[in-house]
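K.L.:
Have a look at the structure that comes next, please.
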Amino acid sequence: MNLSNFGMDSITLAGPLESKLAASKAVGFSQIMLWAKDLASHPGGLSEAVRVVRASGVRVTGIQVMRDYEGLTGPLHEYKLDIAKNMLQVCQAVGAPLLMVCSSTSSHASGDMPLIARQLAKLATLAVPLGVKVGFEALSWGRHINQYEQSWAAVEMADHSNLGVVIDSFHMLANRANLDNLEDIPSHKIAMVQLSDFMWRDIRSAEERLETARHLRVFPGEGIHSSELSELLRRLDKNGYRGDFSFEVFNDDYLQLSPEIVARRAHAAAKWVTDQVLRRSLNMRLPVPGHPMMA
């Protein structure tokens, strides 16, 4: 494993798209997870945003995030399917190989697992000709699917080669997930692993869960659940996972810092994962002497 397996999530960085790409690249990351709004809100429009990304040389890990897709019927389903089709086109335009889909929180969504599986398979089929894969993630506050075992059950039932499950450490830590069941998921069916931690042992209410998830996450190695996170990573490694890791760190404090400072923290997290957890050397491209990152 080397630094090419790791990438930041643009949600962690302040500033415009250009500065996020530059800060990430300067510390040696060759990939970044983007949100569709990073591209849609660019002053130059989508086409200019795509040009900026491609010119940066940074690979796009995937595009976030399709919400409240599965379990809906009738006009609601058709509406969400249309949105998903547009997001797949964004993925194709920017060269993103993955569309992230998180489990529904809608009160209108059904928990009918065969229905959910069929709808995920439908989306995965639509993504095939665009060269995009679909990753399904269990939000810890999802209405019907809120544990990683449930998201895997839906993916397994869908039985589609272009569909995988997303493992997110925050949601697993928040729900005190049973890591023993990770071995039931074949490594090739894990589309992405998202990493973050937080600063207190327990989450005591639904409100605190949302507040922590959306504003107060920290990088691996900075939080209080390092032992649990280490165990998660070792199990994934033992089971053969060799795919990408994205640091999905929602943190309002980091948005008050320069992207360069936050990128350094992400680099330290990658080193913690490789050196301290997986006991491997981190092969990294150091910043060029005299570059601002060396200051």
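Please note that chains go A, B, ... in the order of the structure tokens, that every chain numbers its residues from 1, and that ligands are numbered from 1 in the order shown.
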Need to verify the contact set: Asn162 (chain A), 12 Å, only C-alpha atoms, exclusion of same-chain residues closer than 5 positions in sequence. Can you return it as a PyMOL selection string?
P.N.:
chain A and resi 97-99+120-136+155-156+188-191
K.L.:
Using 8 Å as the limit and counting only C-alpha atoms, can you tabulate each residue of region 159-260 of chain A that touches region 273-280 of chain A, with its shortest atom-to-atom distance in Å and the two atoms involved, as CSV?
P.N.:
residue,atom,partner,partner_atom,distance
A:Pro220,CA,A:Val273,CA,7.4
A:Gly221,CA,A:Val273,CA,7.8
A:Ser230,CA,A:Val277,CA,5.6
A:Leu233,CA,A:Val277,CA,7.4
A:Arg234,CA,A:Leu278,CA,6.5
A:Asp237,CA,A:Leu278,CA,8.0
K.L.:
Can you spit out the residues from that selection as a short mmCIF file (atom, residue, chain, number, x, y, z; two decimals), in the first residue's frame, using N, CA, C and O atoms?
P.N.:
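Dumped to part_13.cif:
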data_model
loop_
_atom_site.label_atom_id
_atom_site.label_comp_id
_atom_site.auth_asym_id
_atom_site.auth_seq_id
_atom_site.Cartn_x
_atom_site.Cartn_y
_atom_site.Cartn_z
N PRO A 220 -8.37 9.94 10.87
CA PRO A 220 -7.86 8.77 11.59
C PRO A 220 -6.55 9.12 12.29
O PRO A 220 -5.69 9.82 11.75
N GLY A 221 -6.42 8.64 13.53
CA GLY A 221 -5.25 8.95 14.33
C GLY A 221 -5.43 10.16 15.22
O GLY A 221 -4.63 10.39 16.13
N SER A 230 -8.32 0.86 13.96
CA SER A 230 -7.20 -0.02 13.59
C SER A 230 -7.69 -1.44 13.32
O SER A 230 -7.26 -2.09 12.35
N LEU A 233 -9.43 -1.60 9.93
CA LEU A 233 -8.48 -1.57 8.82
C LEU A 233 -7.73 -2.89 8.68
O LEU A 233 -7.51 -3.37 7.56
N ARG A 234 -7.34 -3.47 9.80
CA ARG A 234 -6.61 -4.75 9.74
C ARG A 234 -7.49 -5.86 9.19
O ARG A 234 -7.03 -6.72 8.43
N ASP A 237 -7.81 -5.40 5.45
CA ASP A 237 -6.56 -5.79 4.82
C ASP A 237 -6.42 -7.31 4.79
O ASP A 237 -6.05 -7.90 3.76
#
K.L.:
List every residue of region 41-112 of chain A that has an atom at most 9 Å from any atom of region 140-149 of chain A, and for each one report the closest atom pair and its distance in Å to one decimal, counting only C-alpha atoms, with rows sorted by chain and then by increasing residue number, as CSV.
P.N.:
residue,atom,partner,partner_atom,distance
A:Cys102,CA,A:Gly142,CA,8.4
A:Ser103,CA,A:Gly142,CA,5.6
A:Ser104,CA,A:Gly142,CA,5.6
A:Thr105,CA,A:Arg143,CA,4.7
A:Ser106,CA,A:Arg143,CA,6.8
A:Ser107,CA,A:Arg143,CA,7.3
A:Ala109,CA,A:Arg143,CA,7.9
A:Ser110,CA,A:His144,CA,7.6
A:Gly111,CA,A:His144,CA,5.3
A:Asp112,CA,A:His144,CA,8.9
K.L.:
Could you go through region 111-258 of chain A and tell me which residues DSSP, when run on the backbone, assigns to strand (DSSP E or B), listing them as an NGL selection string?
P.N.:
:A and (133-137 or 163-168 or 190-195 or 197 or 216 or 218 or 245-247 or 251)
K.L.:
Work out how far CA of Ala263 (chain A) is from CA of Gly243 (chain A), in Å to one decimal.
P.N.:
20.8 Å
K.L.:
With distances taken over only C-alpha atoms, which residue among A:Lys25, A:Lys20, A:Arg209, A:His108 lies nearest Pro75 (chain A)?
P.N.:
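Smallest separation from Pro75 (chain A) among the options: A:His108.
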K.L.:
Need to verify the contact set: Gly223 (chain A), 12 Å, only C-alpha atoms, exclusion of same-chain residues closer than 5 positions in sequence. Can you return it as a PyMOL selection string?
P.N.:
chain A and resi 169-170+173+195-201+216-218+228-230+249+269
K.L.:
At what distance in Å, to one decimal, does CA of Ser246 (chain A) lie from CA of Gly7 (chain A)?
P.N.:
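Separation of CA of Gly7 (chain A) and CA of Ser246 (chain A): 4.9 Å.
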K.L.:
Find the residues near region 63-66 of chain A: any atom within 12 Å, counting only C-alpha atoms, skip ones fewer than 2 places away on the same chain, and give them as number ranges by chain.
P.N.:
A: 9-11, 31-40, 59-61, 68-70, 80-105, 120, 123, 132-137, 139, 166, 192, 194, 246, 248
K.L.:
Extract the full set of helix (DSSP H, G or I) residues from region 6-76 of chain A according to DSSP on the backbone, and format it as a tab-separated table (two decimals) with C-alpha atoms, in the first residue's frame.
P.N.:
chain	number	residue	atom	x	y	z
A	10	SER	CA	-13.31	17.90	-1.01
A	11	ILE	CA	-15.91	18.46	1.75
A	12	THR	CA	-13.00	18.77	4.21
A	17	LEU	CA	-12.21	23.79	-6.51
A	18	GLU	CA	-8.81	24.93	-7.80
A	19	SER	CA	-7.37	25.41	-4.30
A	20	LYS	CA	-8.72	22.08	-3.09
A	21	LEU	CA	-7.08	20.25	-5.97
A	22	ALA	CA	-3.80	22.13	-5.53
A	23	ALA	CA	-3.56	21.56	-1.77
A	24	SER	CA	-4.33	17.86	-2.10
A	25	LYS	CA	-1.82	17.36	-4.89
A	26	ALA	CA	0.92	19.34	-3.12
A	36	ALA	CA	-21.33	17.09	-7.53
A	37	LYS	CA	-21.84	20.58	-6.13
A	38	ASP	CA	-18.09	21.24	-6.45
A	39	LEU	CA	-18.61	21.06	-10.19
A	40	ALA	CA	-22.13	22.44	-10.52
A	45	GLY	CA	-19.95	26.15	-15.16
A	46	LEU	CA	-19.66	22.38	-15.37
A	47	SER	CA	-17.53	22.29	-18.51
A	48	GLU	CA	-14.94	24.63	-16.99
A	49	ALA	CA	-14.94	22.68	-13.73
A	50	VAL	CA	-14.28	19.48	-15.65
A	51	ARG	CA	-11.44	21.19	-17.53
A	52	VAL	CA	-9.90	22.36	-14.25
A	53	VAL	CA	-10.03	18.87	-12.74
A	54	ARG	CA	-8.56	17.18	-15.78
A	55	ALA	CA	-5.82	19.81	-16.11
A	56	SER	CA	-4.82	19.27	-12.46
A	74	GLY	CA	-44.25	6.03	-8.36
A	75	PRO	CA	-43.41	9.67	-9.23
A	76	LEU	CA	-40.92	9.89	-6.34
K.L.:
Excluding Arg265 (chain A) and its own-chain neighbours fewer than 5 positions away, which residues fall within 10 Å of it when counting only C-alpha atoms? Please give them as a list in words.
P.N.:
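Residues meeting the cut-off are Val27, Val218, Phe219, Pro220, Gly221, Glu222, Tyr254, Pro259, Glu260, Ala270 and Lys271 of chain A.
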K.L.:
Kindly give the distance, in Å, that separates CA of Glu211 (chain A) and CA of His42 (chain A), rounded to a single decimal.
P.N.:
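So the answer is 27.3 Å.
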